[in-house]
$ cat work-v1.csv   # CSV, C-alpha atoms
chain,number,residue,atom,x,y,z
A,14,MET,CA,-163.9,21.1,-1.4
A,15,ASN,CA,-161.6,22.3,1.3
A,16,ASP,CA,-160.3,18.8,1.9
A,17,CYS,CA,-159.4,18.4,-1.8
A,18,LEU,CA,-157.7,21.8,-1.8
A,19,GLY,CA,-155.8,21.0,1.4
A,20,GLU,CA,-154.4,17.8,-0.1
A,21,VAL,CA,-153.3,19.7,-3.2
A,22,LEU,CA,-151.6,22.5,-1.3
A,23,GLU,CA,-149.9,19.9,0.9
A,24,ASP,CA,-148.5,18.2,-2.3
A,25,TYR,CA,-147.2,21.5,-3.5
A,26,ALA,CA,-146.1,22.8,-0.1
A,27,PRO,CA,-142.3,22.7,-0.7
A,28,LEU,CA,-142.6,24.7,-3.9
A,29,LEU,CA,-145.1,27.1,-2.4
A,30,GLU,CA,-142.8,27.7,0.5
A,31,GLU,CA,-139.7,28.1,-1.7
A,32,LYS,CA,-141.5,30.8,-3.7
A,33,GLN,CA,-142.9,32.3,-0.4
A,34,PHE,CA,-146.5,32.2,-1.6
A,35,VAL,CA,-149.2,33.8,0.5
A,36,ILE,CA,-152.3,31.5,0.3
A,37,LEU,CA,-155.7,33.1,1.0
A,38,ASN,CA,-158.1,30.2,1.4
A,39,LYS,CA,-161.6,31.7,1.6
A,40,LEU,CA,-163.4,28.4,1.4
A,41,GLN,CA,-165.8,27.6,4.2
A,42,SER,CA,-167.4,24.2,4.4
A,43,GLU,CA,-168.6,24.0,0.8
A,44,THR,CA,-169.6,20.7,-0.5
A,45,VAL,CA,-169.8,19.8,-4.2
A,46,TYR,CA,-170.6,16.5,-5.8
A,47,THR,CA,-168.0,15.5,-8.3
A,48,ASP,CA,-165.1,13.1,-8.8
A,49,ARG,CA,-162.6,13.9,-6.0
A,50,ARG,CA,-159.5,12.8,-8.0
A,51,GLY,CA,-160.6,14.8,-11.0
A,52,LEU,CA,-161.1,17.9,-8.9
A,53,GLN,CA,-157.7,17.4,-7.3
A,54,PHE,CA,-156.1,17.0,-10.7
A,55,MET,CA,-157.6,20.3,-11.9
A,56,LEU,CA,-156.6,22.1,-8.7
A,57,GLY,CA,-153.1,20.6,-8.9
A,58,GLN,CA,-152.5,21.9,-12.5
A,59,ILE,CA,-153.8,25.3,-11.6
A,60,VAL,CA,-151.6,25.6,-8.5
A,61,SER,CA,-148.6,24.3,-10.6
A,62,ASN,CA,-149.2,27.0,-13.2
A,63,ALA,CA,-149.5,29.7,-10.5
A,64,ILE,CA,-146.1,28.5,-9.1
A,65,LYS,CA,-144.4,28.4,-12.5
A,66,TYR,CA,-145.6,31.9,-13.6
A,67,SER,CA,-145.5,33.6,-10.2
A,68,SER,CA,-144.6,37.2,-9.5
A,69,ASP,CA,-142.1,38.5,-7.0
A,70,SER,CA,-144.6,38.5,-4.1
A,71,PRO,CA,-146.8,35.6,-5.1
A,72,MET,CA,-150.3,35.2,-3.8
A,73,LEU,CA,-153.0,32.6,-4.5
A,74,THR,CA,-156.6,33.3,-3.6
A,75,ILE,CA,-159.2,30.5,-3.5
A,76,SER,CA,-162.9,31.3,-3.0
A,77,VAL,CA,-166.4,30.2,-3.9
A,78,ILE,CA,-169.1,32.4,-5.2
A,79,HIS,CA,-172.6,31.2,-4.6
A,80,SER,CA,-175.4,31.8,-7.1
A,81,GLU,CA,-178.9,30.4,-7.5
A,82,THR,CA,-177.7,28.0,-10.3
A,83,ALA,CA,-174.1,27.2,-9.4
A,84,ASP,CA,-171.3,27.3,-6.9
A,85,ILE,CA,-168.3,28.8,-8.7
A,86,LEU,CA,-164.8,27.9,-7.5
A,87,SER,CA,-162.4,30.7,-8.2
A,88,VAL,CA,-158.6,30.3,-8.1
A,89,GLU,CA,-156.8,33.6,-8.7
A,90,ASP,CA,-153.1,34.4,-8.7
A,91,ASN,CA,-151.1,37.6,-9.1
A,92,GLY,CA,-148.5,36.1,-11.5
A,93,ILE,CA,-147.4,37.2,-14.9
A,94,GLY,CA,-150.8,36.6,-16.6
A,95,VAL,CA,-151.6,35.8,-20.2
A,96,LYS,CA,-151.7,38.3,-23.0
A,97,LYS,CA,-155.2,39.1,-24.2
A,98,TYR,CA,-154.7,37.7,-27.7
A,99,ASN,CA,-153.4,34.3,-26.2
A,100,LEU,CA,-156.3,33.9,-23.8
A,101,PRO,CA,-158.6,32.0,-26.3
A,102,TYR,CA,-155.9,29.4,-26.8
A,103,ILE,CA,-155.0,28.4,-23.3
A,104,PHE,CA,-157.4,25.5,-23.0
A,105,LYS,CA,-156.7,24.2,-26.5
A,106,GLY,CA,-153.1,22.9,-26.0
A,107,LEU,CA,-151.9,25.4,-28.6
A,108,TYR,CA,-150.7,28.1,-26.2
A,109,GLN,CA,-147.1,29.1,-26.5
A,110,ASP,CA,-145.6,32.4,-25.6
A,111,SER,CA,-142.1,33.6,-26.5
A,112,THR,CA,-141.5,35.1,-23.1
A,113,ASP,CA,-138.4,33.8,-21.3
A,114,SER,CA,-140.4,32.3,-18.4
A,115,ARG,CA,-142.6,30.3,-20.8
A,116,LYS,CA,-140.0,28.9,-23.2
A,117,LYS,CA,-140.4,25.3,-21.9
A,118,ALA,CA,-144.2,25.5,-21.6
A,119,THR,CA,-146.1,23.0,-23.7
A,120,GLY,CA,-149.6,24.5,-23.1
A,121,MET,CA,-150.9,21.0,-22.3
A,122,GLY,CA,-151.6,21.5,-18.5
A,123,LEU,CA,-154.6,23.7,-19.0
A,124,TYR,CA,-155.8,21.7,-21.9
A,125,ALA,CA,-155.9,18.7,-19.6
A,126,VAL,CA,-157.7,20.7,-17.0
A,127,LYS,CA,-160.3,21.7,-19.6
A,128,LYS,CA,-160.7,18.1,-20.7
A,129,MET,CA,-161.2,17.0,-17.1
A,130,ALA,CA,-163.7,19.8,-16.5
A,131,ASP,CA,-165.6,18.7,-19.6
A,132,ASP,CA,-165.6,15.1,-18.5
A,133,LEU,CA,-167.0,16.2,-15.1
A,134,ASN,CA,-169.6,18.4,-16.7
A,135,LEU,CA,-168.1,21.6,-15.2
A,136,HIS,CA,-168.0,24.9,-16.9
A,137,LEU,CA,-164.4,26.3,-16.9
A,138,GLU,CA,-163.5,30.0,-17.6
A,139,ALA,CA,-160.3,32.0,-17.6
A,140,ALA,CA,-159.6,35.6,-17.2
A,141,SER,CA,-156.2,37.3,-17.1
A,142,GLN,CA,-154.4,40.6,-17.2
A,143,TRP,CA,-150.9,40.6,-18.7
A,144,GLU,CA,-148.2,41.0,-16.0
A,145,ARG,CA,-150.9,41.2,-13.2
A,146,ALA,CA,-153.1,38.2,-12.6
A,147,SER,CA,-154.9,35.2,-13.8
A,148,ARG,CA,-158.2,33.6,-12.6
A,149,LEU,CA,-159.7,30.3,-13.4
A,150,SER,CA,-163.3,29.6,-12.4
A,151,SER,CA,-165.1,26.3,-12.4
A,152,SER,CA,-168.9,26.2,-12.0
A,153,PHE,CA,-170.6,23.4,-10.1
A,154,LEU,CA,-174.3,23.4,-11.0
A,155,ASN,CA,-176.7,23.3,-8.0

$ encode --input "work-v1.csv" --output "structure tokens"
Amino acid sequence: MNDCLGEVLEDYAPLLEEKQFVILNKLQSETVYTDRRGLQFMLGQIVSNAIKYSSDSPMLTISVIHSETADILSVEDNGIGVKKYNLPYIFKGLYQDSTDSRKKATGMGLYAVKKMADDLNLHLEAASQWERASRLSSSFLN
């Protein structure tokens, strides 16, 4: 998992550096069995959204929570978040917000992430607090 994340962060390094992101990579040597390109695509879209909707002091935290039934990959940012009433729509390709920073957003990025997660048989969840943070979690069954 760390190798996949490293490649994604390398791809986005210029943008992450430009925005002065602090990256907290809490991954150890976790191994999951899934399609590498699919996972990289998902991570890339999540990192891209974190960059687009970042705050003044942007931070990205990547961690894994282990349970008896699954390893849960969590990617959390401290960006502008999603309004509570819009949260149910972010994976449906219908999400559009009238805020200035989202005027050009199509809502298709997270729709594609959800589609890929479904294709890989991964459970994807989102949580957010408006103007504070967003977290996307993907469960890899043990």

$ closest_residue --input "work-v1.csv" --among "A:Gln142, A:Gln33, A:Met14, A:Val60" --to "A:Tyr98" --atoms "only C-alpha atoms"
A:Gln142

$ closest_residue --input "work-v1.csv" --among "A:Thr44, A:Gln53, A:Asn134, A:Ser76" --to "A:Glu23" --atoms "all atoms listed in the file"
A:Gln53

$ residues_around --input "work-v1.csv" --residues "A:Tyr66" --least-positions-apart "2" --cutoff "7 Å" --atoms "all atoms listed in the file" --output "PDB file with C-alpha atoms, in the coordinates of the input"
ATOM      1  CA  ASN A  62    -149.200  27.000 -13.200  1.00  0.00           C
ATOM      2  CA  ALA A  63    -149.500  29.700 -10.500  1.00  0.00           C
ATOM      3  CA  ILE A  64    -146.100  28.500  -9.100  1.00  0.00           C
ATOM      4  CA  SER A  68    -144.600  37.200  -9.500  1.00  0.00           C
ATOM      5  CA  GLY A  92    -148.500  36.100 -11.500  1.00  0.00           C
ATOM      6  CA  ILE A  93    -147.400  37.200 -14.900  1.00  0.00           C
TER       7      ILE A  93
END

$ closest_residue --input "work-v1.csv" --among "A:Ser150, A:Val45, A:Gly57, A:Met121" --to "A:Lys105" --atoms "only C-alpha atoms"
A:Met121

$ residues_around --input "work-v1.csv" --residues "A:Met129" --least-positions-apart "3" --cutoff "9 Å" --atoms "all atoms listed in the file" --output "PyMOL selection string"
chain A and resi 51-52+54-55+124-126+132-135

$ residues_near_point --input "work-v1.csv" --point "(-176.0, 15.6, -6.5)" --cutoff "12 Å" --atoms "all atoms listed in the file" --output "PyMOL selection string"
chain A and resi 44-48+153-155

$ residues_around --input "work-v1.csv" --residues "A:Phe104" --least-positions-apart "5" --cutoff "12 Å" --atoms "only C-alpha atoms" --output "compact mmCIF listing (two decimals) with C-alpha atoms, keeping the file's coordinate frame"
# COMPACT_ATOMS: atom_id res chain seq x y z
CA ILE A 59 -153.80 25.30 -11.60
CA ASN A 99 -153.40 34.30 -26.20
CA GLN A 109 -147.10 29.10 -26.50
CA THR A 119 -146.10 23.00 -23.70
CA GLY A 120 -149.60 24.50 -23.10
CA MET A 121 -150.90 21.00 -22.30
CA GLY A 122 -151.60 21.50 -18.50
CA LEU A 123 -154.60 23.70 -19.00
CA TYR A 124 -155.80 21.70 -21.90
CA ALA A 125 -155.90 18.70 -19.60
CA VAL A 126 -157.70 20.70 -17.00
CA LYS A 127 -160.30 21.70 -19.60
CA LYS A 128 -160.70 18.10 -20.70
CA MET A 129 -161.20 17.00 -17.10
CA ALA A 130 -163.70 19.80 -16.50
CA ASP A 131 -165.60 18.70 -19.60
CA LEU A 137 -164.40 26.30 -16.90
CA GLU A 138 -163.50 30.00 -17.60
CA ALA A 139 -160.30 32.00 -17.60
CA ALA A 140 -159.60 35.60 -17.20
CA LEU A 149 -159.70 30.30 -13.40

$ residues_around --input "work-v1.csv" --residues "A:Ser67" --least-positions-apart "2" --cutoff "12 Å" --atoms "only C-alpha atoms" --output "VMD selection string"
chain A and resid 28 to 29 31 to 35 59 to 65 69 to 73 89 to 95 114 to 115 144 to 147

$ atom_distance --input "work-v1.csv" --atom1 "atom CA of A:Ser152" --atom2 "atom CA of A:Pro27"
29.1 Å

$ atom_distance --input "work-v1.csv" --atom1 "atom CA of A:Asn38" --atom2 "atom CA of A:Asn15"
8.6 Å

$ atom_distance --input "work-v1.csv" --atom1 "atom CA of A:Lys96" --atom2 "atom CA of A:Thr74"
20.6 Å

$ closest_residue --input "work-v1.csv" --among "A:Leu100, A:Leu22, A:Ala83, A:Ile75" --to "A:Leu37" --atoms "all atoms listed in the file"
A:Ile75
